[in-house]
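> Sharing a structure here in C-alpha cells format.
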Amino acid sequence: MSEENRKKYKYLYADSPEVINGKSCNIIPEPESEPLWKAYLAKFKDPIIIILLVALGLSLCISFYEMLVMGRSASCLIEPLGVLIAILLATGIAFIFEYNAEKEFKILNKAKDERKVKVLRWRSAHEAEEGAWPQVYEIPRGDVCIGDIVKLESGDEIPADGILLEAISLRVDESNFTGEPFTRKFVEIDPTRPESTYPQNFLLRGTTLIEGTALYKITAIGPETEEGKGARILQEESTVETPLNKQLNRLAKSITKASYILGTLVVVGRLLIFFLTGDPGERELLDIIPVIINSVMLAVTLIVVTVPEGLPMSVTISLAMSMRKMLKEKNLVRKLHACETMGATTVICTDKTGTLTYNKMSVVEQEFIDVDMDFVALSISINSTAELSDDESGKLRAIGNPTEGALLLWLQELGYDYRALRERLVIISQEPFSTESKRMTTVAKDKLTGRSVRYIKGAPEIVLEMSDHIAGNRTKGEILSHLQSYQSKGMRTLGFAYQEMDVEEGPVIFAGIVGIADPVRVDVREAIDICRNNAGVRVIMITGDVALTANEISRQSGIMDAQEPMQILTGAEFALMSDEEIKTNVIPTLKVLSRARPEDKARLVTLLQEMGEVVAVTGDGTNDAPALKKAQVGLSMGDGTSRAKEASDITIIDNSFISINKGILWGRSL
C-alpha cells in the first residue's frame, strides 16, 4: 500500500462503536428448524383432513347424544373412532416420511467451517487522529463490519459485499451467483469492457478469489448482502398451490356443498312429510321438536357417511411410495407434495453452471501439430501457478487459476504427473501473467538434458503475434480460423510458444492452441430431448453468464436447435420490461435468458405461474435459491450450495438431468 493510499482510506479502530456493536452481525441466520409438534400439526391443514375433522366432531356429537339421551351402549363410538384412526394414520405417515427425508437432507447439507478474515484497522482512536499505519487483524468472518477494509489473497473466500479499493490481476469465481468461474474485477469501472452481471468493482459475499490480491471496503454484511437477500426469501412461506392441493381443495368444496344440500333436503323433506300427513288438528308444538332433532341427526349421519375417510390415507400412501421409488432414482424428496407436482410440471427453468454443465473447466479442444506431447506437458507444468488436490470426497480438483487447473487435469488424464515434471526443471526466471502483457513466461533448464527453454503461454493472438515460426508449417490464417471456431463456441483459448535459450536469439516457435470450457454433462442432451419431445415439458435456461456462452450451451444441450437464431435477452433488459410485455412478447418464444440476477429468475418463475404453468426450477448456486423457493417444485443438485438445497423440495443426489425425467415419470404414475 502506498503512502498516498494509506492517508486516503479511513479505517475502523479496534474499540470503535462500529466494531463493538458489529460483532457477530455478519452472519446470515439459518432458517429456523420447525418444532416437530408444529410440523405434525401442519399436516392437519390438508382440505380433506379438515373435512374429516368436522365429520369427527359431528360424529362424536351424534354418538354422545345417542349414549346420553337415547341410552345406547358405547358401541356407537365405533364410527367416530374409525374417522379418528383414518386422520391419525394419514397425517402420521406423511409426517414420518418427511421427517426421515429431512434427516437425510441435513446429512447431505452439512455447513462448512468458516475461515478467518484479514482486516486493516487502527488500534485506537488516537492512531486514527494521527493517521498512523493500520494493523492487520485476523478476525472471524462473522465479526466483519460495514466500513472495514479487508485484505484478500488468492484462495480467500470473500466475507461480505463491498467495493474494490486496490486490485492486482484480480479474478474471482462467481459461479455460485452468475455461473462464471473466472470473472475479472477492476477498481475503476470502464464501460468499454465486456458487460458483467454485477459491477466490475463489486465483490460478492460467498465468492472466491482465484487469482491476484485486493483491498476492498465492506458495504453490506449479513442479511443485507446479495447472498443474505436470497436467504431471506427462504424464510418466507410459499403461497403457490401445487396441482394436488388445487384438486383436493376443489374436491373438499364439492363434498362440503353436496353435504349441505343433502342435509338440507333431508331436514326439509322430513318436516314436509310431518306437516302433510296426519290430522293437523291433533298436532302440538312439542310434537315438532322430536321430528326436528331426528331429522338433524339423520342429516348429520348422512353428511358423515359422505366424507371419504380413506381418501387422505390413499393419497398419502401413494405419495409415500413414490417418494421411496424416487429416492432409489437419486431424487431425495423433502416434501410429499413434490412427488405429484413433478408429474404435473409443464416448464423447467434450469440454471447452466453445475446443472447442465459440470462447473469444472476442462480442455475440450486442442491442436498441437509436429510438437512432442512430452514437451507440451513440460511447458504446461512449469509455466503454471495452479495445483491439484483431493477434496473431501476424494475427487481431484484445481486450486488457483481454473484455466491453468484445467490444463493440469488434462495432463493427469493423459498420464502425466505435473509435479514430477516440475521437479525435473529448474526455473531461471518467471514473468507472471498480467493484464497488460496477457501472457506468462517461464525460462527453465531441464536437469536431464541441460536444455534451457523459454516457455510462453497466453492470449493466442498475442502469442501468435510475437512468434517467428509456427510448428507444423501452418499458416497464421489457419491458426486464427481454428481460434475463431473455438471462441464462437464460448471457449476460453490459450496459445503456447517456446524459444530455445541455449542458442542466442533463437526463434520463437508457436506450438499450438487449446480450447477450455465448462463442458455439458454427458447425459444432458438425451435427457432434455426426452423432456421436450416425450414428456412435453418446456425447458428454459436462465444463467448469469454471457449470451454467447449461454446460447452455445443451450445448443449443445438441446434446449435450442442448431439453426435457431441467437437469443440475446439479458437480465438488465428483462428488468426494464413490464409484466404484460414479458407475458405477451417474451415468454412464448423464450429459451435463454443470460446475465440474469436472482430477482430476474424469481420474477420469470412468478410470471410463468400467472400464465397457468406448473414450474420446476433446477439449480445449484446461491443465486438460484429465490427461484427454487418460488417454484411449485425446486430441484437442487447434490453438490450444490447449502442455500440452494435449503430452498429446494427435491435434491438430485447424482446431479443428473436424467434423474429429473425419472422424477417426472414417477410423479405422473400417481
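Note on naming: chains are A, B, ... as they come in the C-alpha cells, residues start from 1 per chain, ligands start from 1 in the order shown.
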At a cut-off of 8 Å, using only C-alpha atoms, what residues contact A:Asn551? Leave out same-chain residues fewer than 2 positions from it and give the result as a ChimeraX atom specification.

/A:547-549,553-555,560,566-567,592

> So that I have them on file, write out the residues from the current selection with N, CA and C atoms, as a PDB file, in the first residue's frame.


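Listing of result24.pdb after writing:
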```pdb
ATOM      1  N   ALA A 547     -24.265 -13.974 -23.127  1.00  0.00           N
ATOM      2  CA  ALA A 547     -25.200 -14.524 -24.103  1.00  0.00           C
ATOM      3  C   ALA A 547     -24.534 -15.537 -25.037  1.00  0.00           C
ATOM      4  N   LEU A 548     -23.282 -15.275 -25.462  1.00  0.00           N
ATOM      5  CA  LEU A 548     -22.597 -16.171 -26.393  1.00  0.00           C
ATOM      6  C   LEU A 548     -22.441 -17.560 -25.784  1.00  0.00           C
ATOM      7  N   THR A 549     -21.921 -17.612 -24.565  1.00  0.00           N
ATOM      8  CA  THR A 549     -21.729 -18.906 -23.894  1.00  0.00           C
ATOM      9  C   THR A 549     -23.072 -19.564 -23.620  1.00  0.00           C
ATOM     10  N   ILE A 553     -24.170 -23.302 -25.037  1.00  0.00           N
ATOM     11  CA  ILE A 553     -24.520 -24.402 -24.134  1.00  0.00           C
ATOM     12  C   ILE A 553     -25.948 -24.868 -24.388  1.00  0.00           C
ATOM     13  N   SER A 554     -26.851 -23.934 -24.688  1.00  0.00           N
ATOM     14  CA  SER A 554     -28.245 -24.329 -24.945  1.00  0.00           C
ATOM     15  C   SER A 554     -28.347 -25.164 -26.219  1.00  0.00           C
ATOM     16  N   ARG A 555     -27.493 -24.871 -27.203  1.00  0.00           N
ATOM     17  CA  ARG A 555     -27.495 -25.679 -28.434  1.00  0.00           C
ATOM     18  C   ARG A 555     -26.889 -27.058 -28.166  1.00  0.00           C
ATOM     19  N   MET A 560     -31.969 -25.396 -27.492  1.00  0.00           N
ATOM     20  CA  MET A 560     -32.165 -24.714 -28.771  1.00  0.00           C
ATOM     21  C   MET A 560     -31.716 -25.631 -29.901  1.00  0.00           C
ATOM     22  N   MET A 566     -29.703 -16.671 -32.426  1.00  0.00           N
ATOM     23  CA  MET A 566     -29.210 -16.443 -31.073  1.00  0.00           C
ATOM     24  C   MET A 566     -30.218 -15.620 -30.262  1.00  0.00           C
ATOM     25  N   GLN A 567     -30.466 -16.028 -29.019  1.00  0.00           N
ATOM     26  CA  GLN A 567     -31.339 -15.279 -28.117  1.00  0.00           C
ATOM     27  C   GLN A 567     -30.460 -14.429 -27.199  1.00  0.00           C
ATOM     28  N   VAL A 592     -33.606 -18.851 -23.675  1.00  0.00           N
ATOM     29  CA  VAL A 592     -32.376 -18.494 -22.964  1.00  0.00           C
ATOM     30  C   VAL A 592     -32.502 -17.077 -22.417  1.00  0.00           C
TER      31      VAL A 592
END
```

> So which residues touch A:His126 within 12 Å, counting only C-alpha atoms, skipping near sequence neighbours fewer than 4 positions away, as a PyMOL selection string?

chain A and resi 12-16+122+130-134

> Taking only residues of stretch 395-468 of chain A that have an atom at most 8 Å from an atom of stretch 502-521 of chain A, what is each one's shortest atom pair and its distance in Å to one decimal, using only C-alpha atoms, in chain and number order, as a Markdown table?


```
| residue | atom | partner | partner_atom | distance |
| --- | --- | --- | --- | --- |
| A:Thr403 | CA | A:Ile516 | CA | 7.1 |
| A:Ala406 | CA | A:Ile516 | CA | 7.4 |
| A:Arg451 | CA | A:Asp502 | CA | 6.9 |
| A:Ser452 | CA | A:Asp502 | CA | 5.9 |
| A:Val453 | CA | A:Asp502 | CA | 7.6 |
| A:Pro460 | CA | A:Ile513 | CA | 7.0 |
| A:Val463 | CA | A:Phe510 | CA | 7.4 |
| A:Leu464 | CA | A:Phe510 | CA | 6.3 |
| A:Met466 | CA | A:Val508 | CA | 7.3 |
| A:Ser467 | CA | A:Val508 | CA | 4.8 |
| A:Asp468 | CA | A:Val508 | CA | 5.2 |
```

> Give me the stretch 614-653 of chain A side of the contact with stretch 322-337 of chain A, cut-off 7 Å, one line per residue showing its nearest atom pair and distance in Å at one decimal, counting only C-alpha atoms, sorted by chain and residue number, as CSV.


```
residue,atom,partner,partner_atom,distance
A:Asp649,CA,A:Arg334,CA,5.4
A:Ile650,CA,A:Val333,CA,4.4
A:Thr651,CA,A:Leu332,CA,5.0
A:Ile652,CA,A:Asn331,CA,4.8
A:Ile653,CA,A:Lys330,CA,5.2
```

> Taking the chain letters and numbering used in this document, name the residues of stretch 28-182 of chain A that DSSP puts in alpha helix (DSSP H), as a VMD selection string.

chain A and resid 36 to 41 47 to 68 78 to 108 125 to 130

> Got a sec: who's within 9 Å of A:Val443, counting only C-alpha atoms, leaving out chain neighbours fewer than 6 positions off, as a list in words?

Asn383, Val426, Ile427, Ile428, Ser429, Gln430, Glu431, Ser452, Val453, Arg454, Tyr455, Ile456 and Met501 of chain A

> Can I get the selection written as a PDB file, in the first residue's frame, with N, CA and C atoms?


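Result saved to result_25.pdb:
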```pdb
ATOM      1  N   ASN A 383       5.042 -23.754 -16.536  1.00  0.00           N
ATOM      2  CA  ASN A 383       4.560 -22.393 -16.785  1.00  0.00           C
ATOM      3  C   ASN A 383       3.149 -22.223 -16.211  1.00  0.00           C
ATOM      4  N   VAL A 426      14.497 -26.647 -13.561  1.00  0.00           N
ATOM      5  CA  VAL A 426      14.949 -25.598 -12.640  1.00  0.00           C
ATOM      6  C   VAL A 426      14.545 -24.252 -13.248  1.00  0.00           C
ATOM      7  N   ILE A 427      13.749 -23.498 -12.513  1.00  0.00           N
ATOM      8  CA  ILE A 427      13.285 -22.202 -13.025  1.00  0.00           C
ATOM      9  C   ILE A 427      14.409 -21.171 -12.916  1.00  0.00           C
ATOM     10  N   ILE A 428      14.721 -20.551 -14.030  1.00  0.00           N
ATOM     11  CA  ILE A 428      15.740 -19.496 -14.061  1.00  0.00           C
ATOM     12  C   ILE A 428      15.094 -18.135 -13.856  1.00  0.00           C
ATOM     13  N   SER A 429      13.980 -17.902 -14.524  1.00  0.00           N
ATOM     14  CA  SER A 429      13.234 -16.646 -14.364  1.00  0.00           C
ATOM     15  C   SER A 429      11.785 -16.897 -14.711  1.00  0.00           C
ATOM     16  N   GLN A 430      10.921 -16.038 -14.182  1.00  0.00           N
ATOM     17  CA  GLN A 430       9.487 -16.209 -14.451  1.00  0.00           C
ATOM     18  C   GLN A 430       8.799 -14.851 -14.472  1.00  0.00           C
ATOM     19  N   GLU A 431       7.987 -14.634 -15.495  1.00  0.00           N
ATOM     20  CA  GLU A 431       7.198 -13.411 -15.619  1.00  0.00           C
ATOM     21  C   GLU A 431       5.728 -13.797 -15.511  1.00  0.00           C
ATOM     22  N   SER A 452      17.888 -25.353 -21.973  1.00  0.00           N
ATOM     23  CA  SER A 452      17.177 -24.204 -21.413  1.00  0.00           C
ATOM     24  C   SER A 452      16.164 -23.698 -22.440  1.00  0.00           C
ATOM     25  N   VAL A 453      14.939 -23.525 -21.978  1.00  0.00           N
ATOM     26  CA  VAL A 453      13.846 -23.141 -22.879  1.00  0.00           C
ATOM     27  C   VAL A 453      13.018 -22.036 -22.217  1.00  0.00           C
ATOM     28  N   ARG A 454      12.575 -21.122 -23.052  1.00  0.00           N
ATOM     29  CA  ARG A 454      11.634 -20.094 -22.612  1.00  0.00           C
ATOM     30  C   ARG A 454      10.229 -20.551 -23.023  1.00  0.00           C
ATOM     31  N   TYR A 455       9.385 -20.830 -22.018  1.00  0.00           N
ATOM     32  CA  TYR A 455       8.027 -21.306 -22.262  1.00  0.00           C
ATOM     33  C   TYR A 455       7.070 -20.120 -22.189  1.00  0.00           C
ATOM     34  N   ILE A 456       6.191 -19.994 -23.190  1.00  0.00           N
ATOM     35  CA  ILE A 456       5.273 -18.850 -23.278  1.00  0.00           C
ATOM     36  C   ILE A 456       3.836 -19.374 -23.378  1.00  0.00           C
ATOM     37  N   MET A 501      16.829 -21.277 -25.531  1.00  0.00           N
ATOM     38  CA  MET A 501      17.669 -20.237 -24.946  1.00  0.00           C
ATOM     39  C   MET A 501      19.148 -20.574 -24.990  1.00  0.00           C
TER      40      MET A 501
END
```

> Fewer than 5 positions away in the same chain doesn't count, so skip those; otherwise give me all residues within 12 Å of A:Glu404, counting only C-alpha atoms, as an MDAnalysis selection string.

chainID A and resid 182 210:211 360:363 379:388 397:399 409:411 418 433 440 457:458 492:494 514:517

> Selection from above, C-alpha atoms, as a short mmCIF file (atom, residue, chain, number, x, y, z; two decimals), in the first residue's frame, can you write it?


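What follows is the written file again.cif:
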```
data_model
loop_
_atom_site.label_atom_id
_atom_site.label_comp_id
_atom_site.auth_asym_id
_atom_site.auth_seq_id
_atom_site.Cartn_x
_atom_site.Cartn_y
_atom_site.Cartn_z
CA PHE A 182 -13.37 -16.73 -13.97
CA ILE A 210 -8.82 -17.40 -7.54
CA GLU A 211 -6.00 -15.10 -8.62
CA LYS A 360 -15.41 -27.54 -13.84
CA MET A 361 -13.19 -26.03 -16.53
CA SER A 362 -11.81 -28.72 -18.87
CA VAL A 363 -9.75 -28.90 -22.05
CA SER A 379 5.58 -26.48 -20.90
CA ILE A 380 2.20 -26.66 -19.18
CA SER A 381 3.59 -27.99 -15.90
CA ILE A 382 6.34 -25.43 -15.36
CA ASN A 383 4.56 -22.39 -16.78
CA SER A 384 1.71 -22.51 -14.26
CA THR A 385 0.95 -21.49 -10.68
CA ALA A 386 -2.04 -23.80 -10.17
CA GLU A 387 -2.05 -27.01 -8.12
CA LEU A 388 -4.21 -30.13 -7.92
CA ARG A 397 -9.81 -30.53 -8.02
CA ALA A 398 -7.82 -27.50 -9.14
CA ILE A 399 -6.50 -24.92 -6.69
CA LEU A 409 -6.22 -32.02 -15.03
CA TRP A 410 -5.85 -32.67 -18.76
CA LEU A 411 -2.24 -33.74 -18.27
CA TYR A 418 2.92 -32.45 -13.36
CA PHE A 433 0.55 -13.21 -16.23
CA MET A 440 3.00 -15.76 -18.73
CA LYS A 457 1.53 -19.12 -22.61
CA GLY A 458 -1.18 -16.52 -23.06
CA ARG A 492 -11.58 -19.74 -23.34
CA THR A 493 -8.48 -20.10 -25.53
CA LEU A 494 -4.76 -20.22 -24.78
CA VAL A 514 -6.22 -25.23 -26.58
CA GLY A 515 -9.92 -24.53 -26.04
CA ILE A 516 -11.12 -24.67 -22.44
CA ALA A 517 -14.75 -24.70 -21.35
#
```

> To one decimal place, how far is atom CA of A:Leu165 from atom CA of A:Pro191 in Å?

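Taking atom CA of A:Leu165 and atom CA of A:Pro191, their separation equals 18.3 Å.
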
> Give the strand (DSSP E or B) residues of stretch 302-368 of chain A, as DSSP finds them on the backbone, and put them as number ranges by chain.

A: 331-333, 347-350, 357, 362-368
